[in-house]
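What follows is query-v4.json (JSON, C-alpha atoms).
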[["chain", "number", "residue", "atom", "x", "y", "z"],
["L", 1, "MET", "CA", -19.57, 11.51, 17.75],
["L", 2, "LYS", "CA", -17.32, 9.63, 15.30],
["L", 3, "THR", "CA", -19.45, 6.50, 15.68],
["L", 4, "VAL", "CA", -22.62, 8.45, 14.96],
["L", 5, "ARG", "CA", -21.05, 10.13, 11.92],
["L", 6, "ALA", "CA", -19.81, 6.79, 10.55],
["L", 7, "SER", "CA", -23.22, 5.19, 11.05],
["L", 8, "SER", "CA", -24.93, 8.11, 9.29],
["L", 9, "PHE", "CA", -22.50, 7.82, 6.37],
["L", 10, "LEU", "CA", -23.23, 4.10, 5.98],
["L", 11, "ALA", "CA", -26.98, 4.65, 6.27],
["L", 12, "ALA", "CA", -26.86, 7.34, 3.57],
["L", 13, "LEU", "CA", -24.96, 5.03, 1.25],
["L", 14, "LEU", "CA", -27.42, 2.20, 1.78],
["L", 15, "LEU", "CA", -30.36, 4.52, 1.14],
["L", 16, "LEU", "CA", -28.89, 5.66, -2.17],
["L", 17, "LEU", "CA", -28.20, 2.10, -3.25],
["L", 18, "TYR", "CA", -31.66, 0.82, -2.40],
["L", 19, "LEU", "CA", -33.56, 3.79, -3.82],
["L", 20, "PHE", "CA", -31.52, 3.94, -7.02],
["L", 21, "PRO", "CA", -30.42, 0.39, -7.93],
["L", 22, "ALA", "CA", -29.41, 1.51, -11.42],
["L", 23, "THR", "CA", -26.56, 3.43, -9.85],
["L", 24, "LEU", "CA", -24.97, 0.28, -8.46],
["L", 25, "ALA", "CA", -22.37, 0.40, -11.24],
["L", 26, "ALA", "CA", -21.45, 4.03, -10.48],
["L", 27, "MET", "CA", -22.38, 5.64, -7.16],
["L", 28, "GLU", "CA", -20.81, 8.92, -6.02],
["L", 29, "THR", "CA", -19.80, 10.28, -2.65],
["L", 30, "ASP", "CA", -17.99, 13.53, -1.92],
["L", 31, "ILE", "CA", -14.61, 11.87, -2.64],
["L", 32, "PHE", "CA", -15.32, 8.63, -4.51],
["L", 33, "VAL", "CA", -17.03, 7.50, -7.68],
["L", 34, "VAL", "CA", -17.83, 3.91, -6.73],
["L", 35, "ARG", "CA", -18.15, 1.11, -9.30],
["L", 36, "ASP", "CA", -18.96, -2.57, -8.89],
["L", 37, "LEU", "CA", -17.08, -4.30, -11.72],
["L", 38, "THR", "CA", -18.34, -7.70, -10.58],
["L", 39, "GLY", "CA", -21.96, -6.72, -11.25],
["L", 40, "LYS", "CA", -23.11, -8.79, -8.29],
["L", 41, "LEU", "CA", -21.95, -6.99, -5.15],
["L", 42, "PRO", "CA", -24.83, -6.65, -2.64],
["L", 43, "ALA", "CA", -25.78, -3.07, -1.84],
["L", 44, "ASP", "CA", -25.00, -3.35, 1.85],
["L", 45, "ARG", "CA", -21.57, -4.88, 1.13],
["L", 46, "GLN", "CA", -20.72, -2.15, -1.37],
["L", 47, "ALA", "CA", -21.74, 0.50, 1.14],
["L", 48, "ALA", "CA", -19.67, -1.12, 3.91],
["L", 49, "LEU", "CA", -16.60, -1.41, 1.66],
["L", 50, "THR", "CA", -16.94, 2.22, 0.59],
["L", 51, "LYS", "CA", -17.27, 3.32, 4.21],
["L", 52, "ASP", "CA", -14.18, 1.32, 5.15],
["L", 53, "ALA", "CA", -12.16, 2.83, 2.30],
["L", 54, "ARG", "CA", -13.25, 6.32, 3.32],
["L", 55, "GLU", "CA", -12.20, 5.71, 6.93],
["L", 56, "LYS", "CA", -8.79, 4.48, 5.79],
["L", 57, "LEU", "CA", -8.36, 7.47, 3.48],
["L", 58, "ASP", "CA", -9.30, 9.89, 6.27],
["L", 59, "LYS", "CA", -6.66, 8.33, 8.54],
["L", 60, "VAL", "CA", -4.01, 8.64, 5.82],
["L", 61, "LEU", "CA", -4.93, 12.28, 5.19],
["L", 62, "ARG", "CA", -4.77, 13.10, 8.90],
["L", 63, "PHE", "CA", -1.46, 11.29, 9.30],
["L", 64, "TYR", "CA", 0.23, 13.25, 6.52],
["L", 65, "GLY", "CA", -1.67, 16.49, 7.20],
["L", 66, "THR", "CA", -3.00, 16.83, 3.67],
["L", 67, "ALA", "CA", -6.21, 16.66, 1.62],
["L", 68, "ALA", "CA", -7.59, 14.41, -1.13],
["L", 69, "ASN", "CA", -7.32, 17.34, -3.57],
["L", 70, "VAL", "CA", -10.67, 16.60, -5.21],
["L", 71, "GLU", "CA", -11.03, 20.17, -6.50],
["L", 72, "GLN", "CA", -7.90, 19.93, -8.61],
["L", 73, "LEU", "CA", -7.64, 16.23, -9.44],
["L", 74, "GLY", "CA", -11.27, 15.16, -9.32],
["L", 75, "LYS", "CA", -12.83, 12.36, -7.33],
["L", 76, "ILE", "CA", -11.08, 9.02, -6.85],
["L", 77, "ARG", "CA", -12.74, 6.17, -8.71],
["L", 78, "LEU", "CA", -13.13, 3.29, -6.26],
["L", 79, "GLU", "CA", -13.66, 0.01, -8.12],
["L", 80, "PHE", "CA", -14.52, -3.42, -6.72],
["L", 81, "ASP", "CA", -13.50, -6.48, -8.74],
["L", 82, "GLU", "CA", -12.94, -10.23, -8.49],
["L", 83, "PRO", "CA", -9.63, -11.47, -7.05],
["L", 84, "ARG", "CA", -6.85, -11.76, -9.61],
["L", 85, "GLY", "CA", -5.87, -15.41, -9.86],
["L", 86, "GLY", "CA", -7.48, -15.97, -6.49],
["L", 87, "THR", "CA", -5.26, -13.28, -4.92],
["L", 88, "TYR", "CA", -6.63, -10.34, -2.94],
["L", 89, "SER", "CA", -4.89, -7.07, -3.77],
["L", 90, "THR", "CA", -5.44, -3.43, -4.72],
["L", 91, "VAL", "CA", -3.83, -1.33, -7.45],
["L", 92, "PHE", "CA", -3.65, 2.38, -8.16],
["L", 93, "LEU", "CA", -4.09, 3.44, -11.78],
["L", 94, "SER", "CA", -4.05, 6.78, -13.52],
["L", 95, "VAL", "CA", -6.28, 6.58, -16.60],
["L", 96, "ARG", "CA", -7.10, 9.23, -19.17],
["L", 97, "GLU", "CA", -10.76, 9.93, -19.91],
["L", 98, "HIS", "CA", -12.11, 12.91, -21.82],
["L", 99, "ASN", "CA", -8.71, 14.63, -21.89],
["L", 100, "ARG", "CA", -8.38, 14.31, -18.12],
["L", 101, "LYS", "CA", -6.49, 11.89, -15.89],
["L", 102, "ILE", "CA", -8.65, 9.96, -13.45],
["L", 103, "ARG", "CA", -7.34, 8.45, -10.21],
["L", 104, "VAL", "CA", -8.49, 4.82, -9.92],
["L", 105, "VAL", "CA", -8.13, 2.55, -6.90],
["L", 106, "ARG", "CA", -9.23, -0.93, -7.95],
["L", 107, "ILE", "CA", -9.80, -3.48, -5.19],
["L", 108, "PHE", "CA", -9.50, -7.13, -6.23],
["L", 109, "GLY", "CA", -11.37, -9.39, -3.83],
["L", 110, "VAL", "CA", -14.09, -8.18, -1.46],
["L", 111, "ASP", "CA", -15.68, -11.31, 0.02],
["L", 112, "ARG", "CA", -13.20, -11.08, 2.88],
["L", 113, "GLU", "CA", -11.34, -8.05, 4.22],
["L", 114, "PRO", "CA", -9.67, -6.35, 1.23],
["L", 115, "GLN", "CA", -5.90, -5.99, 1.10],
["L", 116, "MET", "CA", -3.58, -3.07, 0.25],
["L", 117, "VAL", "CA", -6.42, -0.52, 0.36],
["L", 118, "ALA", "CA", -4.73, 2.01, 2.68],
["L", 119, "HIS", "CA", -1.48, 1.48, 0.75],
["L", 120, "LYS", "CA", -2.99, 2.28, -2.65],
["L", 121, "LEU", "CA", -5.24, 5.10, -1.43],
["L", 122, "THR", "CA", -2.00, 6.72, -0.28],
["L", 123, "HIS", "CA", -0.71, 6.40, -3.85],
["L", 124, "ALA", "CA", -3.84, 8.18, -5.08],
["L", 125, "VAL", "CA", -3.07, 11.12, -2.80],
["L", 126, "PHE", "CA", 0.73, 11.20, -3.28],
["L", 127, "ILE", "CA", 0.96, 10.55, -7.00],
["L", 128, "SER", "CA", 4.53, 9.88, -8.07],
["L", 129, "PRO", "CA", 6.26, 8.21, -11.02],
["L", 130, "ASP", "CA", 8.85, 6.84, -8.57],
["L", 131, "LYS", "CA", 7.92, 3.42, -7.20],
["L", 132, "LEU", "CA", 10.22, 3.74, -4.19],
["L", 133, "VAL", "CA", 8.65, 7.05, -3.16],
["L", 134, "ARG", "CA", 5.14, 5.63, -3.51],
["L", 135, "ASN", "CA", 5.84, 2.48, -1.54],
["L", 136, "MET", "CA", 7.85, 3.97, 1.30],
["L", 137, "MET", "CA", 4.87, 6.29, 1.90],
["L", 138, "GLY", "CA", 2.09, 3.78, 1.23],
["L", 139, "ILE", "CA", 3.18, 0.53, 2.87],
["L", 140, "PRO", "CA", 3.54, 2.13, 6.35],
["L", 141, "MET", "CA", -0.09, 3.32, 6.00],
["L", 142, "GLU", "CA", -1.20, -0.27, 5.44],
["L", 143, "VAL", "CA", 0.73, -1.23, 8.57],
["L", 144, "ARG", "CA", -1.05, 1.45, 10.61],
["L", 145, "PHE", "CA", -4.54, 1.44, 9.13],
["L", 146, "GLY", "CA", -4.94, -1.63, 6.90],
["L", 147, "ASN", "CA", -4.94, -5.40, 6.83],
["L", 148, "PRO", "CA", -1.90, -7.09, 8.47],
["L", 149, "LEU", "CA", -2.23, -10.03, 6.05],
["L", 150, "THR", "CA", -1.66, -7.76, 3.06],
["L", 151, "PHE", "CA", 1.43, -8.02, 0.84],
["L", 152, "PRO", "CA", 4.33, -7.54, 1.62],
["L", 153, "LEU", "CA", 3.51, -8.06, 5.33],
["L", 154, "CYS", "CA", 1.62, -11.32, 4.91],
["L", 155, "GLY", "CA", 0.95, -11.54, 8.65],
["L", 156, "PHE", "CA", 4.43, -10.48, 9.77],
["L", 157, "SER", "CA", 6.26, -7.14, 9.79],
["L", 158, "SER", "CA", 8.40, -5.57, 7.09],
["L", 159, "ASP", "CA", 11.31, -5.51, 9.57],
["L", 160, "GLU", "CA", 11.03, -9.28, 10.08],
["L", 161, "TRP", "CA", 10.96, -9.93, 6.35],
["L", 162, "VAL", "CA", 13.99, -7.69, 5.80],
["L", 163, "GLU", "CA", 15.92, -9.55, 8.51],
["L", 164, "ALA", "CA", 14.99, -12.87, 6.88],
["L", 165, "PHE", "CA", 16.11, -11.62, 3.46],
["L", 166, "ARG", "CA", 19.39, -10.41, 4.95],
["L", 167, "ARG", "CA", 20.05, -13.78, 6.59],
["L", 168, "LYS", "CA", 19.25, -15.49, 3.30],
["L", 169, "GLN", "CA", 21.65, -13.08, 1.54],
["L", 170, "ALA", "CA", 18.80, -11.90, -0.69],
["L", 171, "TYR", "CA", 18.97, -8.27, 0.46],
["L", 172, "ILE", "CA", 18.93, -5.68, -2.36],
["L", 173, "PRO", "CA", 20.65, -2.29, -1.74],
["L", 174, "LEU", "CA", 18.20, 0.61, -1.74],
["L", 175, "SER", "CA", 20.13, 2.24, -4.59],
["L", 176, "GLU", "CA", 18.82, -0.59, -6.80],
["L", 177, "LEU", "CA", 15.18, 0.16, -5.95],
["L", 178, "GLY", "CA", 14.63, 2.13, -9.13],
["L", 179, "PRO", "CA", 11.60, 4.22, -10.07],
["L", 180, "ASP", "CA", 10.09, 1.81, -12.60],
["L", 181, "HIS", "CA", 8.24, -1.51, -12.42],
["L", 182, "LYS", "CA", 10.99, -3.42, -14.22],
["L", 183, "GLN", "CA", 13.51, -2.86, -11.41],
["L", 184, "TRP", "CA", 11.00, -4.36, -8.98],
["L", 185, "GLY", "CA", 10.41, -7.60, -10.90],
["L", 186, "MET", "CA", 7.18, -6.24, -12.39],
["L", 187, "SER", "CA", 5.61, -4.96, -15.60],
["L", 188, "THR", "CA", 2.17, -3.83, -16.75],
["L", 189, "ARG", "CA", -0.53, -5.55, -18.79],
["L", 190, "GLY", "CA", -3.44, -3.48, -20.00],
["L", 191, "GLY", "CA", -2.23, -0.72, -17.70],
["L", 192, "VAL", "CA", -2.49, -2.98, -14.63],
["L", 193, "PRO", "CA", 0.73, -3.98, -12.79],
["L", 194, "VAL", "CA", 1.72, -7.65, -13.10],
["L", 195, "VAL", "CA", 4.44, -9.59, -11.29],
["L", 196, "LEU", "CA", 7.31, -11.15, -13.25],
["L", 197, "SER", "CA", 9.49, -12.12, -10.28],
["L", 198, "ARG", "CA", 7.64, -12.54, -7.00],
["L", 199, "PRO", "CA", 10.83, -13.10, -4.93],
["L", 200, "ARG", "CA", 12.43, -9.85, -6.16],
["L", 201, "GLN", "CA", 9.18, -7.93, -5.78],
["L", 202, "HIS", "CA", 8.75, -9.17, -2.21],
["L", 203, "VAL", "CA", 12.29, -8.18, -1.20],
["L", 204, "MET", "CA", 11.93, -4.68, -2.61],
["L", 205, "TYR", "CA", 8.45, -4.05, -1.20],
["L", 206, "ALA", "CA", 9.47, -5.24, 2.27],
["L", 207, "GLU", "CA", 12.61, -3.10, 2.21],
["L", 208, "SER", "CA", 10.80, 0.02, 1.01],
["L", 209, "GLY", "CA", 8.09, -0.48, 3.63],
["L", 210, "SER", "CA", 10.56, -0.94, 6.48],
["L", 211, "PHE", "CA", 12.75, 1.94, 5.32],
["L", 212, "GLY", "CA", 9.74, 4.23, 4.84],
["L", 213, "ASP", "CA", 8.44, 3.44, 8.31],
["L", 214, "TRP", "CA", 11.88, 4.20, 9.76],
["L", 215, "LEU", "CA", 11.91, 7.58, 8.00],
["L", 216, "LEU", "CA", 8.41, 8.40, 9.23],
["L", 217, "THR", "CA", 9.25, 7.39, 12.80],
["L", 218, "GLY", "CA", 12.59, 9.18, 12.91],
["L", 219, "TYR", "CA", 11.97, 12.28, 10.78],
["L", 220, "GLY", "CA", 8.18, 12.68, 10.84],
["L", 221, "ALA", "CA", 5.39, 12.76, 8.27],
["L", 222, "GLU", "CA", 5.99, 16.43, 7.42],
["L", 223, "LYS", "CA", 9.53, 15.77, 6.18],
["L", 224, "VAL", "CA", 8.48, 12.68, 4.22],
["L", 225, "ASN", "CA", 5.68, 14.75, 2.67],
["L", 226, "ARG", "CA", 8.24, 17.40, 1.74],
["L", 227, "PHE", "CA", 10.47, 14.70, 0.20],
["L", 228, "TRP", "CA", 7.54, 13.66, -2.00],
["L", 229, "LYS", "CA", 6.88, 17.24, -3.12],
["L", 230, "LEU", "CA", 10.53, 17.84, -3.99],
["L", 231, "SER", "CA", 10.81, 14.50, -5.80],
["L", 232, "GLU", "CA", 8.71, 15.78, -8.70],
["L", 233, "GLY", "CA", 10.73, 15.67, -11.86],
["L", 234, "GLY", "CA", 12.35, 12.35, -11.00],
["L", 235, "LYS", "CA", 14.90, 13.42, -8.39],
["L", 236, "ARG", "CA", 15.31, 11.95, -4.92],
["L", 237, "PRO", "CA", 16.28, 14.82, -2.60],
["L", 238, "TRP", "CA", 17.68, 12.74, 0.28],
["L", 239, "GLU", "CA", 20.29, 15.23, 1.46],
["L", 240, "GLU", "CA", 18.06, 18.26, 0.90],
["L", 241, "VAL", "CA", 15.31, 16.88, 3.14],
["L", 242, "PHE", "CA", 17.03, 14.48, 5.55],
["L", 243, "GLY", "CA", 20.55, 15.90, 5.55],
["L", 244, "LEU", "CA", 22.14, 12.56, 4.60],
["L", 245, "SER", "CA", 22.83, 10.61, 1.42],
["L", 246, "LEU", "CA", 20.77, 7.52, 0.65],
["L", 247, "LYS", "CA", 23.79, 5.37, 1.49],
["L", 248, "ASP", "CA", 24.09, 6.94, 4.95],
["L", 249, "LEU", "CA", 20.34, 6.75, 5.58],
["L", 250, "GLU", "CA", 20.36, 3.10, 4.58],
["L", 251, "ALA", "CA", 23.23, 2.37, 6.97],
["L", 252, "ARG", "CA", 21.39, 4.03, 9.87],
["L", 253, "TRP", "CA", 18.17, 2.19, 9.04],
["L", 254, "LEU", "CA", 19.91, -1.19, 8.97],
["L", 255, "GLN", "CA", 21.71, -0.33, 12.20],
["L", 256, "SER", "CA", 18.34, 0.41, 13.82],
["L", 257, "LEU", "CA", 17.07, -3.01, 12.70],
["L", 258, "ASP", "CA", 20.13, -4.63, 14.28],
["L", 259, "THR", "CA", 19.45, -2.72, 17.48],
["L", 260, "LYS", "CA", 15.75, -3.64, 17.58],
["L", 261, "LYS", "CA", 16.48, -7.29, 16.77],
["L", 262, "PRO", "CA", 13.22, -8.57, 15.21],
["L", 263, "ASP", "CA", 11.72, -11.61, 16.92],
["L", 264, "GLY", "CA", 14.09, -14.51, 16.23],
["L", 265, "LYS", "CA", 11.44, -17.25, 16.13],
["L", 266, "ARG", "CA", 9.29, -15.30, 13.68],
["L", 267, "VAL", "CA", 12.30, -14.60, 11.45],
["L", 268, "GLU", "CA", 13.20, -18.31, 11.53],
["L", 269, "THR", "CA", 9.66, -19.11, 10.42],
["L", 270, "LEU", "CA", 10.07, -16.77, 7.44],
["L", 271, "LEU", "CA", 13.45, -18.30, 6.58],
["L", 272, "ILE", "CA", 11.87, -21.75, 6.45],
["L", 273, "LEU", "CA", 9.22, -20.45, 4.04],
["L", 274, "LEU", "CA", 11.78, -18.60, 1.91],
["L", 275, "ASN", "CA", 14.07, -21.63, 1.70],
["L", 276, "ARG", "CA", 11.14, -23.84, 0.77],
["L", 277, "ASN", "CA", 9.85, -21.61, -2.02],
["L", 278, "PRO", "CA", 10.52, -17.83, -2.11],
["L", 279, "LYS", "CA", 7.82, -17.36, -4.76],
["L", 280, "ASP", "CA", 5.08, -18.60, -2.43],
["L", 281, "ALA", "CA", 6.53, -17.41, 0.90],
["L", 282, "CYS", "CA", 3.95, -14.66, 1.34],
["L", 283, "SER", "CA", 0.91, -16.81, 0.58],
["L", 284, "GLU", "CA", 2.28, -19.55, 2.86],
["L", 285, "ALA", "CA", 2.81, -17.00, 5.64],
["L", 286, "GLN", "CA", -0.75, -15.73, 5.22],
["L", 287, "ARG", "CA", -2.08, -19.26, 5.74],
["L", 288, "LEU", "CA", -0.21, -19.81, 8.99],
["L", 289, "PRO", "CA", -2.41, -19.95, 12.12],
["L", 290, "LYS", "CA", -2.18, -16.92, 14.39],
["L", 291, "THR", "CA", -0.52, -19.05, 17.02],
["L", 292, "SER", "CA", 2.36, -19.58, 14.59],
["L", 293, "ARG", "CA", 2.84, -16.00, 13.42],
["L", 294, "GLY", "CA", 1.49, -14.02, 16.38],
["L", 295, "GLY", "CA", 0.49, -10.37, 16.13],
["L", 296, "THR", "CA", 2.12, -7.74, 13.95]]
Here is a file; write its structure as structure tokens.
Amino acid sequence: MKTVRASSFLAALLLLLYLFPATLAAMETDIFVVRDLTGKLPADRQAALTKDAREKLDKVLRFYGTAANVEQLGKIRLEFDEPRGGTYSTVFLSVREHNRKIRVVRIFGVDREPQMVAHKLTHAVFISPDKLVRNMMGIPMEVRFGNPLTFPLCGFSSDEWVEAFRRKQAYIPLSELGPDHKQWGMSTRGGVPVVLSRPRQHVMYAESGSFGDWLLTGYGAEKVNRFWKLSEGGKRPWEEVFGLSLKDLEARWLQSLDTKKPDGKRVETLLILLNRNPKDACSEAQRLPKTSRGGT
């Protein structure tokens, strides 16, 4: 039944695109307003990308037991664009148009499988001014439903990266993972996030992804969802939701990593890349053959 429904959805998208080519720049579904910012995306590719994004969003919504909230927040604008500096990525933006905020998920790079789509669609559902809250909810969704080559995984796991950062003595305490871009080695340009320090950004993204996955595994999606709801207003209600301070949660998370012991050979591979050039460690990891990095 799911296969039939998915095929029907794709067929409907293709029909709209072929019958109404003028709508290529802005096509609507029940959840998305779809735009091709490249101006050259073939109709069948746009339809397939939209279908893939919808499937990822549905999985995120089912996982957290929530809805896209279209009635209150409006449809999500799904935009397809060229890679930024040759890098595939996705960003979530909140833009104001006609006295209303619009949720925008902009995908950079669509010739191959897009990256960070599940991650950023999660941001569009769980809007938060706190970067730690967003990433500890979004990165685990990319792990489950997205592209394993996406940042900060880069073909490995967040746990393996965290272990490599710890061995390199580059670990950053979770208390330093502040709510704003600047604490994460980032800023914004024209409203779009830009990276100022790739090594710092990678450490913090990997840590927030690993920590978020540990919370979801140990406490469940419902509690993490509740944490997000109570975090409105800028607070982080660790003890109220999880019964422990951030310091205690961090200690238990790190202890669980020590108990699991991430694959030593894979961690050694990451250490080699980090020692060679921490700025390019992710892109180098992405280029490794599967025989070198294995599955994730």
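Among the candidates L:Thr269, L:Thr122, L:Ser94, L:Thr217, the one nearest to L:Arg77 when counting only C-alpha atoms is L:Ser94.
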Take the point (16.6, -15.2, 7.5) in the file's coordinates, draw a sphere of radius 7 Å around it, and report as a list in words every protein, DNA or RNA residue with an atom inside or on it, counting only C-alpha atoms. Glu163, Ala164, Phe165, Arg166, Arg167, Lys168, Val267, Glu268, Leu270 and Leu271 of chain L
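You can rank L:Asp111, L:Ser197, L:Lys235, L:Met137 by their closest distance to L:Ala48 using all atoms listed in the file, and at the top of that list sits L:Asp111.
In this structure, atom CA of L:Gly220 sits 28.5 Å away from atom CA of L:Arg200.
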What box, with edges along x, y and z, holds each listed atom of stretch 171-178 of chain L when 6 Å is added on every side, and can you state its centre and edge lengths in Å to one decimal, as JSON?
{"center_x": 17.6, "center_y": -3.0, "center_z": -4.3, "size_x": 18.0, "size_y": 22.5, "size_z": 21.6}
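Take atom CA of L:Tyr88 and atom CA of L:Lys56: the distance between them is 17.3 Å.
Using all atoms listed in the file, the protein and nucleic acid residues lying no more than 10 Å from L:Ala118, apart from those fewer than 3 places from it along its own chain, are Asp52, Ala53, Arg54, Glu55, Lys56, Leu57, Asp58, Lys59, Val60, Thr90, Pro114, Gln115, Leu121, Thr122, His123, Ala124, Gly138, Ile139, Pro140, Met141, Glu142, Val143, Arg144, Phe145, Gly146 and Asn147 of chain L.
Atom CA of L:Val125 lies 9.7 Å from atom CA of L:Val70.
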Compile the contact shell of L:Arg103 as an MDAnalysis selection string: residues with an atom at most 8 Å away, counting only C-alpha atoms, same-chain residues fewer than 4 positions apart removed. chainID L and resid 73:77 92:95 124
